[in-house]
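Pasting work_24.csv here (CSV, C-alpha atoms and all ligand atoms):
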chain,number,residue,atom,x,y,z
O,1,MET,CA,24.2,-64.4,67.8
O,2,LEU,CA,23.3,-62.6,64.6
O,3,LYS,CA,23.0,-64.9,61.6
O,4,LEU,CA,23.3,-63.9,58.0
O,5,ASN,CA,21.1,-65.0,55.2
O,6,GLU,CA,23.1,-68.0,54.3
O,7,ASN,CA,21.6,-68.1,50.9
O,8,TYR,CA,23.7,-65.1,49.9
O,9,LEU,CA,26.9,-67.0,50.9
O,10,LYS,CA,26.1,-69.8,48.4
O,11,LEU,CA,26.0,-67.4,45.4
O,12,PRO,CA,29.0,-67.9,43.1
O,13,GLY,CA,29.6,-64.2,42.7
O,14,SER,CA,29.1,-62.1,39.6
O,15,TYR,CA,31.9,-63.8,37.9
O,16,LEU,CA,30.9,-63.2,34.2
O,17,PHE,CA,31.2,-59.5,33.7
O,18,ALA,CA,34.0,-59.1,36.3
O,19,GLU,CA,36.0,-61.8,34.4
O,20,VAL,CA,35.2,-60.1,31.0
O,21,ALA,CA,36.4,-56.8,32.4
O,22,ARG,CA,39.6,-58.4,33.9
O,23,ARG,CA,40.6,-60.0,30.6
O,24,ALA,CA,39.7,-56.9,28.6
O,25,GLU,CA,42.0,-54.8,30.9
O,26,ALA,CA,44.8,-57.3,30.6
O,27,ALA,CA,44.5,-57.3,26.8
O,28,GLY,CA,44.5,-53.5,26.7
O,29,LYS,CA,47.8,-53.5,28.7
O,30,ALA,CA,49.3,-56.1,26.4
O,31,HIS,CA,48.3,-54.2,23.2
O,32,PRO,CA,48.5,-50.5,24.2
O,33,ASP,CA,48.6,-49.5,20.5
O,34,LYS,CA,45.3,-51.1,19.7
O,35,ARG,CA,41.8,-49.7,19.9
O,36,PHE,CA,39.3,-52.1,21.5
O,37,ILE,CA,35.7,-52.2,20.5
O,38,LYS,CA,33.1,-53.3,23.2
O,39,LEU,CA,30.2,-55.3,22.0
O,40,GLY,CA,29.8,-57.2,25.2
O,41,ILE,CA,27.6,-55.5,27.8
O,42,GLY,CA,23.9,-55.2,27.2
O,43,ASP,CA,23.6,-51.4,27.8
O,44,VAL,CA,22.2,-48.9,25.3
O,45,THR,CA,24.3,-46.1,23.9
O,46,LEU,CA,21.9,-43.7,22.2
O,47,PRO,CA,20.6,-40.8,24.4
O,48,LEU,CA,17.0,-40.4,25.5
O,49,PRO,CA,14.4,-39.5,22.8
O,50,ALA,CA,14.0,-35.7,22.6
O,51,ALA,CA,10.3,-36.1,23.5
O,52,CYS,CA,11.2,-37.8,26.8
O,53,VAL,CA,13.8,-35.1,27.6
O,54,ALA,CA,11.2,-32.4,27.0
O,55,ALA,CA,8.6,-34.2,29.2
O,56,LEU,CA,11.2,-34.6,32.0
O,57,LYS,CA,11.8,-30.9,31.9
O,58,ARG,CA,8.1,-30.0,32.0
O,59,ALA,CA,7.6,-32.5,34.8
O,60,ALA,CA,10.5,-30.9,36.7
O,61,GLU,CA,8.8,-27.5,36.4
O,62,ASP,CA,5.5,-29.1,37.7
O,63,MET,CA,7.5,-30.2,40.8
O,64,GLY,CA,8.7,-26.7,41.5
O,65,ASP,CA,5.2,-25.1,41.4
O,66,MET,CA,2.9,-25.3,44.4
O,67,SER,CA,-0.2,-25.9,42.2
O,68,THR,CA,1.3,-28.8,40.2
O,69,PHE,CA,3.7,-30.3,42.8
O,70,MET,CA,3.4,-34.0,43.4
O,71,GLY,CA,4.2,-35.8,46.6
O,72,TYR,CA,4.0,-39.6,47.1
O,73,GLY,CA,2.4,-41.1,44.0
O,74,PRO,CA,0.2,-44.2,43.8
O,75,TYR,CA,2.2,-47.4,44.6
O,76,GLU,CA,0.9,-48.9,41.3
O,77,GLY,CA,1.8,-45.8,39.3
O,78,TYR,CA,-0.1,-42.9,37.8
O,79,ASP,CA,-3.1,-43.6,35.7
O,80,PHE,CA,-1.8,-41.4,32.8
O,81,LEU,CA,1.0,-43.9,32.3
O,82,ARG,CA,-0.9,-47.1,33.0
O,83,GLU,CA,-3.6,-46.0,30.5
O,84,ALA,CA,-1.1,-45.0,27.9
O,85,ILE,CA,0.6,-48.4,28.1
O,86,VAL,CA,-2.7,-50.3,27.8
O,87,LYS,CA,-3.8,-48.2,24.9
O,88,ASN,CA,-0.6,-48.3,22.9
O,89,ASP,CA,1.1,-51.6,23.9
O,90,TYR,CA,-1.8,-53.9,24.4
O,91,LEU,CA,-5.0,-52.9,22.7
O,92,PRO,CA,-3.4,-52.7,19.2
O,93,TYR,CA,-2.3,-56.3,19.6
O,94,GLY,CA,-5.8,-57.5,20.5
O,95,VAL,CA,-5.0,-57.8,24.3
O,96,LYS,CA,-7.8,-56.5,26.5
O,97,LEU,CA,-6.2,-55.4,29.8
O,98,GLY,CA,-7.5,-52.9,32.3
O,99,ALA,CA,-5.1,-50.1,33.4
O,100,ASP,CA,-5.8,-51.4,36.9
O,101,GLU,CA,-4.0,-54.7,36.1
O,102,LEU,CA,-0.6,-52.8,35.7
O,103,PHE,CA,2.0,-51.8,38.2
O,104,ILE,CA,4.5,-49.1,37.1
O,105,SER,CA,8.0,-50.1,38.3
O,106,ASP,CA,11.5,-48.7,38.4
O,107,GLY,CA,12.5,-51.3,35.8
O,108,ALA,CA,12.0,-55.0,35.0
O,109,LYS,CA,15.0,-56.3,36.9
O,110,SER,CA,13.7,-55.4,40.3
O,111,ASP,CA,10.2,-56.8,39.7
O,112,CYS,CA,11.6,-60.0,38.1
O,113,GLY,CA,13.6,-60.6,41.2
O,114,ASN,CA,11.2,-59.3,43.9
O,115,ILE,CA,8.1,-61.1,42.6
O,116,GLY,CA,9.4,-64.1,44.5
O,117,ASP,CA,8.3,-62.4,47.7
O,118,ILE,CA,4.7,-63.5,47.1
O,119,PHE,CA,5.5,-67.2,46.5
O,120,SER,CA,6.6,-69.8,49.0
O,121,GLU,CA,10.2,-70.7,49.6
O,122,ASP,CA,9.3,-74.2,48.5
O,123,CYS,CA,8.3,-73.3,45.0
O,124,VAL,CA,10.2,-75.1,42.2
O,125,VAL,CA,11.6,-72.7,39.7
O,126,ALA,CA,12.4,-73.4,36.1
O,127,VAL,CA,14.6,-71.3,33.9
O,128,CYS,CA,15.8,-71.4,30.3
O,129,ASP,CA,19.5,-72.3,29.9
O,130,PRO,CA,21.3,-70.0,28.9
O,131,VAL,CA,19.5,-67.4,31.0
O,132,TYR,CA,19.5,-63.8,32.3
O,133,PRO,CA,21.2,-64.5,35.6
O,134,VAL,CA,18.8,-62.3,37.7
O,135,TYR,CA,16.0,-65.0,37.8
O,136,ILE,CA,18.3,-67.6,39.3
O,137,ASP,CA,20.2,-65.4,41.7
O,138,ALA,CA,17.1,-63.8,43.1
O,139,ASN,CA,15.6,-67.2,43.8
O,140,ALA,CA,18.8,-68.4,45.2
O,141,MET,CA,18.8,-65.5,47.7
O,142,SER,CA,15.3,-66.6,48.8
O,143,GLY,CA,16.5,-70.2,49.3
O,144,ARG,CA,14.7,-71.7,46.3
O,145,ALA,CA,17.8,-72.8,44.4
O,146,GLY,CA,19.3,-75.5,46.6
O,147,SER,CA,23.1,-75.7,46.5
O,148,TYR,CA,25.5,-74.6,43.7
O,149,VAL,CA,27.5,-77.6,42.4
O,150,ASP,CA,29.5,-77.7,39.2
O,151,GLY,CA,27.9,-74.6,37.7
O,152,LYS,CA,24.3,-75.6,38.4
O,153,TRP,CA,21.9,-75.1,41.3
O,154,SER,CA,20.6,-78.4,42.6
O,155,ASN,CA,16.9,-77.3,42.9
O,156,ILE,CA,16.5,-75.3,39.8
O,157,VAL,CA,14.9,-76.9,36.7
O,158,TYR,CA,17.2,-76.0,33.8
O,159,MET,CA,15.6,-76.1,30.4
O,160,PRO,CA,18.3,-76.2,27.7
O,161,CYS,CA,17.8,-73.8,24.7
O,162,VAL,CA,20.1,-75.0,22.0
O,163,PRO,CA,20.1,-75.2,18.2
O,164,GLU,CA,18.4,-78.7,18.3
O,165,ASN,CA,15.2,-77.2,19.8
O,166,ASN,CA,15.5,-73.9,18.0
O,167,PHE,CA,16.4,-72.2,21.3
O,168,PHE,CA,12.9,-72.8,22.7
O,169,PRO,CA,12.5,-74.9,25.9
O,170,GLU,CA,10.7,-78.2,26.0
O,171,LEU,CA,8.0,-78.8,28.7
O,172,PRO,CA,10.0,-80.2,31.7
O,173,GLU,CA,9.4,-83.6,33.3
O,174,ARG,CA,9.5,-82.2,36.8
O,175,VAL,CA,6.6,-79.8,37.1
O,176,PRO,CA,7.8,-76.3,38.1
O,177,ASP,CA,5.7,-73.9,40.1
O,178,LEU,CA,7.3,-70.8,38.6
O,179,ILE,CA,8.5,-70.7,35.0
O,180,TYR,CA,10.6,-67.9,33.8
O,181,LEU,CA,10.4,-67.2,30.1
O,182,CYS,CA,12.0,-64.3,28.2
O,183,PHE,CA,11.2,-63.6,24.6
O,184,PRO,CA,12.8,-62.1,22.6
O,185,ASN,CA,15.5,-63.7,24.6
O,186,ASN,CA,18.6,-62.4,26.2
O,187,PRO,CA,21.1,-63.9,25.6
O,188,THR,CA,20.2,-66.0,22.5
O,189,GLY,CA,18.4,-63.2,20.6
O,190,MET,CA,15.6,-65.6,19.6
O,191,ALA,CA,12.0,-64.7,19.6
O,192,ALA,CA,9.0,-67.0,20.3
O,193,THR,CA,6.0,-67.6,18.2
O,194,LYS,CA,2.4,-67.9,19.4
O,195,GLU,CA,2.4,-71.6,18.5
O,196,GLN,CA,5.4,-72.2,20.6
O,197,LEU,CA,4.0,-70.3,23.6
O,198,LYS,CA,0.5,-71.8,23.5
O,199,PRO,CA,1.5,-75.2,25.0
O,200,TRP,CA,3.3,-73.4,27.9
O,201,VAL,CA,0.2,-71.5,28.7
O,202,ASP,CA,-1.9,-74.7,28.6
O,203,TYR,CA,0.7,-76.5,30.7
O,204,ALA,CA,0.8,-73.7,33.3
O,205,ASN,CA,-3.0,-73.6,33.6
O,206,GLU,CA,-3.3,-77.4,33.8
O,207,HIS,CA,-0.7,-77.7,36.6
O,208,GLY,CA,-1.4,-74.4,38.4
O,209,SER,CA,2.1,-73.1,37.7
O,210,VAL,CA,2.7,-69.4,37.1
O,211,ILE,CA,4.7,-68.1,34.0
O,212,LEU,CA,6.9,-65.1,34.7
O,213,TYR,CA,7.2,-63.6,31.3
O,214,ASP,CA,10.0,-61.1,30.6
O,215,ALA,CA,9.1,-59.0,27.6
O,216,ALA,CA,11.9,-56.4,28.0
O,217,TYR,CA,12.8,-56.7,24.3
O,218,ARG,CA,9.2,-56.6,22.9
O,219,ALA,CA,9.9,-53.4,21.0
O,220,TYR,CA,12.6,-55.1,18.9
O,221,ILE,CA,10.1,-57.6,17.3
O,222,SER,CA,9.9,-56.8,13.6
O,223,ASP,CA,7.9,-59.8,12.4
O,224,PRO,CA,4.2,-58.8,12.9
O,225,LYS,CA,3.2,-62.5,13.4
O,226,LEU,CA,5.3,-62.7,16.6
O,227,PRO,CA,3.6,-62.0,19.9
O,228,ARG,CA,4.8,-58.9,21.9
O,229,SER,CA,3.0,-60.0,25.0
O,230,ILE,CA,2.2,-63.4,26.6
O,231,TYR,CA,-1.4,-62.2,26.8
O,232,GLU,CA,-1.7,-62.6,23.0
O,233,ILE,CA,-1.9,-66.3,23.9
O,234,PRO,CA,-5.5,-67.3,25.0
O,235,GLY,CA,-5.5,-68.4,28.6
O,236,ALA,CA,-2.4,-66.5,29.7
O,237,GLU,CA,-4.5,-64.2,31.8
O,238,THR,CA,-5.0,-67.0,34.3
O,239,CYS,CA,-1.4,-68.1,34.5
O,240,ALA,CA,1.1,-65.4,33.6
O,241,ILE,CA,2.7,-62.3,35.0
O,242,GLU,CA,4.5,-60.1,32.5
O,243,PHE,CA,7.5,-57.8,33.1
O,244,CYS,CA,8.2,-54.9,30.7
O,245,SER,CA,10.7,-52.1,30.6
O,246,PHE,CA,11.4,-48.7,29.0
O,247,SER,CA,15.1,-49.5,29.3
O,248,LYS,CA,15.8,-51.1,25.9
O,249,THR,CA,12.7,-49.6,24.2
O,250,ALA,CA,13.6,-46.0,24.8
O,251,GLY,CA,17.1,-45.8,26.4
O,252,PHE,CA,15.8,-45.7,30.0
O,253,THR,CA,18.6,-47.9,31.5
O,254,GLY,CA,19.8,-45.0,33.5
O,255,THR,CA,16.4,-43.3,33.9
O,256,ARG,CA,14.5,-46.4,35.3
O,257,CYS,CA,11.0,-47.2,34.5
O,258,GLY,CA,9.1,-50.3,33.6
O,259,TRP,CA,5.8,-52.1,34.3
O,260,THR,CA,4.5,-55.4,35.5
O,261,VAL,CA,1.1,-56.9,34.5
O,262,ILE,CA,-0.8,-59.1,36.9
O,263,PRO,CA,-4.3,-59.9,35.5
O,264,ARG,CA,-7.2,-59.8,38.0
O,265,ALA,CA,-8.0,-63.3,36.8
O,266,LEU,CA,-4.7,-64.7,38.0
O,267,VAL,CA,-5.6,-66.5,41.2
O,268,ARG,CA,-3.7,-69.2,43.1
O,269,GLY,CA,-4.7,-70.8,46.4
O,270,GLY,CA,-7.9,-68.7,46.3
O,271,GLU,CA,-5.8,-65.5,46.4
O,272,SER,CA,-5.5,-62.8,43.8
O,273,LEU,CA,-1.9,-62.4,42.9
O,274,TYR,CA,-2.6,-58.8,42.0
O,275,ASP,CA,-3.7,-58.1,45.6
O,276,MET,CA,-0.7,-59.9,47.0
O,277,TRP,CA,1.7,-57.9,44.9
O,278,MET,CA,-0.1,-54.7,45.8
O,279,ARG,CA,0.3,-55.6,49.5
O,280,ARG,CA,4.0,-56.2,48.9
O,281,GLN,CA,4.6,-53.0,46.8
O,282,SER,CA,2.7,-50.8,49.3
O,283,THR,CA,5.0,-52.1,52.0
O,284,LYS,CA,8.4,-52.2,50.3
O,285,PHE,CA,8.1,-49.6,47.4
O,286,ASN,CA,6.9,-46.0,47.3
O,287,GLY,CA,6.4,-45.7,43.6
O,288,THR,CA,8.4,-44.5,40.5
O,289,ALA,CA,9.2,-40.8,40.4
O,290,TYR,CA,6.5,-38.6,38.8
O,291,VAL,CA,9.0,-37.0,36.5
O,292,ILE,CA,10.2,-40.4,35.2
O,293,GLN,CA,6.6,-41.6,34.6
O,294,ARG,CA,6.0,-38.4,32.6
O,295,ALA,CA,9.2,-39.1,30.6
O,296,ALA,CA,8.0,-42.6,29.9
O,297,GLU,CA,4.5,-41.4,28.8
O,298,ALA,CA,6.2,-39.3,26.2
O,299,ILE,CA,7.2,-42.3,24.1
O,300,TYR,CA,3.6,-42.7,23.1
O,301,SER,CA,3.3,-39.1,21.7
O,302,ASP,CA,3.5,-38.7,18.0
O,303,GLU,CA,7.0,-37.4,18.2
O,304,GLY,CA,8.1,-39.9,20.8
O,305,ARG,CA,6.8,-42.8,18.7
O,306,LYS,CA,8.9,-41.6,15.7
O,307,GLN,CA,12.0,-41.1,17.9
O,308,VAL,CA,11.7,-44.5,19.4
O,309,GLU,CA,11.2,-46.1,16.0
O,310,GLN,CA,14.5,-44.4,14.9
O,311,LEU,CA,16.4,-45.5,17.9
O,312,ILE,CA,15.3,-49.1,17.5
O,313,GLY,CA,16.0,-48.9,13.8
O,314,TYR,CA,19.6,-47.8,14.5
O,315,TYR,CA,20.3,-50.7,16.8
O,316,MET,CA,18.5,-53.2,14.4
O,317,ASN,CA,20.7,-51.9,11.6
O,318,ASN,CA,23.7,-52.8,13.7
O,319,ALA,CA,22.1,-56.2,14.3
O,320,ARG,CA,21.8,-56.7,10.5
O,321,VAL,CA,25.4,-55.7,10.0
O,322,ILE,CA,26.6,-58.2,12.6
O,323,ARG,CA,24.4,-61.0,11.3
O,324,ALA,CA,25.4,-60.5,7.7
O,325,GLY,CA,29.1,-60.2,8.5
O,326,LEU,CA,29.3,-63.2,10.8
O,327,THR,CA,27.3,-65.3,8.4
O,328,ASP,CA,29.7,-64.3,5.6
O,329,ALA,CA,32.6,-65.4,7.7
O,330,GLY,CA,31.0,-68.9,7.8
O,331,LEU,CA,29.8,-68.8,11.4
O,332,GLU,CA,26.6,-70.3,12.7
O,333,VAL,CA,24.6,-67.3,13.7
O,334,TYR,CA,21.3,-66.9,15.6
O,335,GLY,CA,19.0,-64.1,16.8
O,336,GLY,CA,19.4,-60.5,15.7
O,337,THR,CA,16.3,-60.3,13.6
O,338,ASP,CA,13.7,-59.6,16.4
O,339,SER,CA,16.1,-58.7,19.1
O,340,PRO,CA,19.3,-56.7,19.7
O,341,TYR,CA,21.4,-59.8,20.5
O,342,ILE,CA,23.3,-62.0,18.1
O,343,TRP,CA,24.3,-65.5,19.4
O,344,PHE,CA,26.8,-67.5,17.4
O,345,LYS,CA,28.7,-70.7,17.7
O,346,ALA,CA,32.4,-70.5,18.2
O,347,PRO,CA,34.1,-72.2,15.2
O,348,ASP,CA,36.1,-75.5,15.3
O,349,GLY,CA,34.4,-76.7,18.5
O,350,LEU,CA,36.2,-74.0,20.6
O,351,GLY,CA,34.8,-73.2,24.1
O,352,SER,CA,33.2,-69.8,24.8
O,353,TRP,CA,36.1,-68.5,26.7
O,354,GLU,CA,38.7,-69.8,24.2
O,355,PHE,CA,37.0,-68.0,21.4
O,356,PHE,CA,36.3,-64.9,23.5
O,357,ASP,CA,40.1,-64.7,24.1
O,358,ARG,CA,40.8,-65.0,20.3
O,359,LEU,CA,38.3,-62.2,19.5
O,360,LEU,CA,39.8,-60.1,22.3
O,361,ASN,CA,43.5,-60.5,21.5
O,362,GLU,CA,43.4,-60.9,17.7
O,363,ALA,CA,40.4,-58.8,16.6
O,364,ASN,CA,40.4,-56.5,19.7
O,365,VAL,CA,36.7,-56.9,20.1
O,366,VAL,CA,35.2,-57.4,23.6
O,367,THR,CA,32.2,-59.9,23.5
O,368,THR,CA,30.4,-62.0,26.1
O,369,PRO,CA,31.1,-65.7,26.4
O,370,GLY,CA,27.9,-67.7,26.3
O,371,ALA,CA,29.1,-70.1,29.0
O,372,GLY,CA,28.6,-67.2,31.5
O,373,PHE,CA,24.8,-67.5,31.0
O,374,GLY,CA,24.6,-71.2,31.9
O,375,PRO,CA,25.9,-74.6,30.9
O,376,SER,CA,24.0,-74.7,27.6
O,377,GLY,CA,25.7,-71.5,26.6
O,378,GLU,CA,29.1,-73.2,26.4
O,379,GLY,CA,30.6,-72.9,22.9
O,380,PHE,CA,28.6,-69.7,22.1
O,381,ILE,CA,29.3,-66.0,22.1
O,382,ARG,CA,26.9,-63.1,22.5
O,383,LEU,CA,27.3,-59.8,20.6
O,384,THR,CA,25.1,-56.8,21.2
O,385,ALA,CA,23.7,-54.4,18.6
O,386,PHE,CA,23.7,-51.6,21.2
O,387,GLY,CA,27.0,-50.1,20.1
O,388,ASP,CA,28.0,-47.3,17.8
O,389,ALA,CA,27.3,-48.0,14.1
O,390,ASP,CA,30.8,-47.3,12.9
O,391,ASN,CA,32.4,-49.3,15.6
O,392,THR,CA,30.0,-52.2,15.0
O,393,ARG,CA,30.9,-52.2,11.3
O,394,GLU,CA,34.6,-52.2,12.1
O,395,ALA,CA,34.3,-54.9,14.7
O,396,VAL,CA,32.6,-57.1,12.2
O,397,GLU,CA,35.3,-56.4,9.6
O,398,ARG,CA,38.0,-57.3,12.1
O,399,ILE,CA,36.3,-60.6,13.0
O,400,LYS,CA,35.9,-61.5,9.3
O,401,ALA,CA,39.6,-60.7,8.7
O,402,MET,CA,40.6,-62.8,11.7
O,403,LEU,CA,38.7,-65.8,10.5
J,501,LIG,C1,17.9,-55.4,30.2
J,501,LIG,C2,16.9,-56.4,30.7
J,501,LIG,C3,15.8,-56.1,31.5
J,501,LIG,C4,15.5,-54.7,31.8
J,501,LIG,O1,15.9,-54.4,33.1
J,501,LIG,P1,15.6,-52.9,33.6
J,501,LIG,O2,15.7,-53.2,35.1
J,501,LIG,O3,14.2,-52.6,33.2
J,501,LIG,O4,16.6,-52.0,33.1
J,501,LIG,C5,15.0,-57.1,31.9
J,501,LIG,N1,15.2,-58.4,31.5
J,501,LIG,C6,16.2,-58.7,30.6
J,501,LIG,C7,16.3,-60.1,30.2
J,501,LIG,C8,17.1,-57.8,30.2
J,501,LIG,O5,18.1,-58.1,29.4

Here is a file; write its structure as structure tokens.
Amino acid sequence: MLKLNENYLKLPGSYLFAEVARRAEAAGKAHPDKRFIKLGIGDVTLPLPAACVAALKRAAEDMGDMSTFMGYGPYEGYDFLREAIVKNDYLPYGVKLGADELFISDGAKSDCGNIGDIFSEDCVVAVCDPVYPVYIDANAMSGRAGSYVDGKWSNIVYMPCVPENNFFPELPERVPDLIYLCFPNNPTGMAATKEQLKPWVDYANEHGSVILYDAAYRAYISDPKLPRSIYEIPGAETCAIEFCSFSKTAGFTGTRCGWTVIPRALVRGGESLYDMWMRRQSTKFNGTAYVIQRAAEAIYSDEGRKQVEQLIGYYMNNARVIRAGLTDAGLEVYGGTDSPYIWFKAPDGLGSWEFFDRLLNEANVVTTPGAGFGPSGEGFIRLTAFGDADNTREAVERIKAML
């Protein structure tokens, strides 16, 4: 008889955003005269930079002309984009990577999840807590998470990120094989320093672990001392895979493009992880669309660079407004200086969902309860800076008035 992948049946379901939507809808019905402002979901709102739109159009024309038409592209992406990324996103930060150590992807989410294909089902996985749920769920689907009991997976190593450790994980006692790190972090909005990351790189090299580094928010780093890539840490080339995305950098959430770095020097069990991932991609992936890769390349043009800077400046201005307003209101506020997320503590020891409900029903602002990102997120709320500037300002005023 056909058997299903039982691991899927253990998943608790995507409760968080469904529950947020359910409560927001009920609040809308209860207060039909009120205008609700959404600062919950982590999607961007500004349109694509004009340089990307122009490149998309040119690339579409290429596809309609026999002499420039492109069929299947390379599994690992076109060299024009791989080279542009290395030249603009790594070399200026002192990172020497070859374009042939990059894979162009259709976004960071798929690769963060799919990378598990090249590792054994027995690998022990460590994640920060709170965490972007994709890392855990993808590993649960592959049977690495154990069973889900009281809001935790029995076989996942949870590394609390709380005010006491400045939202940076401590080296765990049980040695993990795969360590997911994401900085600047979603949901806490906190960035990591080189000094904080160095011990992790040393630890991974010493134990033969692999760090899976999610740098989706690298473009939001404003402090020049902070690393934008794990490869700014010496030794990372022998222990880390890095995932990046054009989604938050240039509004590509609906356009889909990213990249994954696997250095040639990264070898485990005598095997090159680059070669293994290449084998995986060439079997299960047929490349990112040519037109999309051309659109992504355009962010590195003079125009594109300016437009991206403006786009990020717009969101970071929202972040400043949120930070300043909530701090004024007497709240304990984190993040939002090198990332588009603001993470704050609910006042008076309230739980995440309790304060979420107050914000929803009294200030008519939709947020994300921190508890939805893991047990250590309890008592916190996440706000995003990806909203409209006027709405963001108004939402902050309403929260201040409520408190
Ligand atoms: C948004 C986000 C991504 C990007 O995902 P894409 O698939 O590239 O759109 C990756 N990691 C984290 C933590 C994110 O929040």

When the cut-off is 9 Å and you count all atoms listed in the file, which residues lie near ligand LIG 501 (chain J), shown as a CSV table (one decimal) with C-alpha atoms, in the coordinates of the input?
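Once written, part35.csv looks like this:
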chain,number,residue,atom,x,y,z
O,42,GLY,CA,23.9,-55.2,27.2
O,43,ASP,CA,23.6,-51.4,27.8
O,105,SER,CA,8.0,-50.1,38.3
O,106,ASP,CA,11.5,-48.7,38.4
O,107,GLY,CA,12.5,-51.3,35.8
O,108,ALA,CA,12.0,-55.0,35.0
O,109,LYS,CA,15.0,-56.3,36.9
O,110,SER,CA,13.7,-55.4,40.3
O,111,ASP,CA,10.2,-56.8,39.7
O,112,CYS,CA,11.6,-60.0,38.1
O,131,VAL,CA,19.5,-67.4,31.0
O,132,TYR,CA,19.5,-63.8,32.3
O,133,PRO,CA,21.2,-64.5,35.6
O,134,VAL,CA,18.8,-62.3,37.7
O,182,CYS,CA,12.0,-64.3,28.2
O,183,PHE,CA,11.2,-63.6,24.6
O,184,PRO,CA,12.8,-62.1,22.6
O,185,ASN,CA,15.5,-63.7,24.6
O,186,ASN,CA,18.6,-62.4,26.2
O,187,PRO,CA,21.1,-63.9,25.6
O,214,ASP,CA,10.0,-61.1,30.6
O,215,ALA,CA,9.1,-59.0,27.6
O,216,ALA,CA,11.9,-56.4,28.0
O,217,TYR,CA,12.8,-56.7,24.3
O,243,PHE,CA,7.5,-57.8,33.1
O,244,CYS,CA,8.2,-54.9,30.7
O,245,SER,CA,10.7,-52.1,30.6
O,246,PHE,CA,11.4,-48.7,29.0
O,247,SER,CA,15.1,-49.5,29.3
O,248,LYS,CA,15.8,-51.1,25.9
O,252,PHE,CA,15.8,-45.7,30.0
O,253,THR,CA,18.6,-47.9,31.5
O,254,GLY,CA,19.8,-45.0,33.5
O,255,THR,CA,16.4,-43.3,33.9
O,256,ARG,CA,14.5,-46.4,35.3
O,257,CYS,CA,11.0,-47.2,34.5
O,258,GLY,CA,9.1,-50.3,33.6
O,259,TRP,CA,5.8,-52.1,34.3

> Using all atoms listed in the file, which residue out of O:Ile85, O:Val267, O:Ala298, O:Ile292 lies closest to Met63 (chain O)?
Replying inline: O:Ile292

> Excluding same-chain residues fewer than 4 positions from Arg144 (chain O), what lies within 9 Å of it counting only C-alpha atoms, as a PyMOL selection string?
Replying inline: chain O and resi 120-125+136+138-140+155-156

How would the residues just picked look written out with C-alpha atoms as a PDB file, in the frame of the given file?
ATOM      1  CA  SER O 120       6.600 -69.800  49.000  1.00  0.00           C
ATOM      2  CA  GLU O 121      10.200 -70.700  49.600  1.00  0.00           C
ATOM      3  CA  ASP O 122       9.300 -74.200  48.500  1.00  0.00           C
ATOM      4  CA  CYS O 123       8.300 -73.300  45.000  1.00  0.00           C
ATOM      5  CA  VAL O 124      10.200 -75.100  42.200  1.00  0.00           C
ATOM      6  CA  VAL O 125      11.600 -72.700  39.700  1.00  0.00           C
ATOM      7  CA  ILE O 136      18.300 -67.600  39.300  1.00  0.00           C
ATOM      8  CA  ALA O 138      17.100 -63.800  43.100  1.00  0.00           C
ATOM      9  CA  ASN O 139      15.600 -67.200  43.800  1.00  0.00           C
ATOM     10  CA  ALA O 140      18.800 -68.400  45.200  1.00  0.00           C
ATOM     11  CA  ASN O 155      16.900 -77.300  42.900  1.00  0.00           C
ATOM     12  CA  ILE O 156      16.500 -75.300  39.800  1.00  0.00           C
TER      13      ILE O 156
END

> Please, which residues are within 8 Å of (-3.1, -59.7, 41.8) by the file's coordinates, counting all atoms listed in the file, and could they come as a list in words?
Replying inline: Glu101, Ile262, Pro263, Arg264, Ala265, Leu266, Val267, Glu271, Ser272, Leu273, Tyr274, Asp275, Met276, Trp277 and Met278 of chain O

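Put simply, CA of Ala21 (chain O) is 25.1 Å away from CA of Leu331 (chain O).
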
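If you measure from each of O:Gly151, O:Tyr75, O:Trp200, O:Ala289 to Pro169 (chain O) using all atoms listed in the file, the closest one turns out to be O:Trp200.
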
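The closest residue to Asp117 (chain O), picked from O:Thr392, O:Thr283, O:Asn5, O:Ser14 and counting all atoms listed in the file, is O:Thr283.
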
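Using all atoms listed in the file, the shortest contact distance between Gly143 (chain O) and any of O:Ser209, O:Asn7, O:Thr188, O:Thr193 is found at O:Asn7.
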
>> Taking all atoms listed in the file into account, name the residue in O:Leu39, O:Ile179, O:Ile399, O:Ile299 that is nearest to Ala84 (chain O).
In response: O:Ile299

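Taking only C-alpha atoms into account, Val175 (chain O) lies nearest to O:Ala204 out of the set O:Ala395, O:Ala60, O:Ala319, O:Ala204.
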
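The space separating CA of Lys152 (chain O) from CA of Phe380 (chain O) comes to 17.9 Å.
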
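The space separating CA of Phe167 (chain O) from CA of Phe356 (chain O) comes to 21.3 Å.
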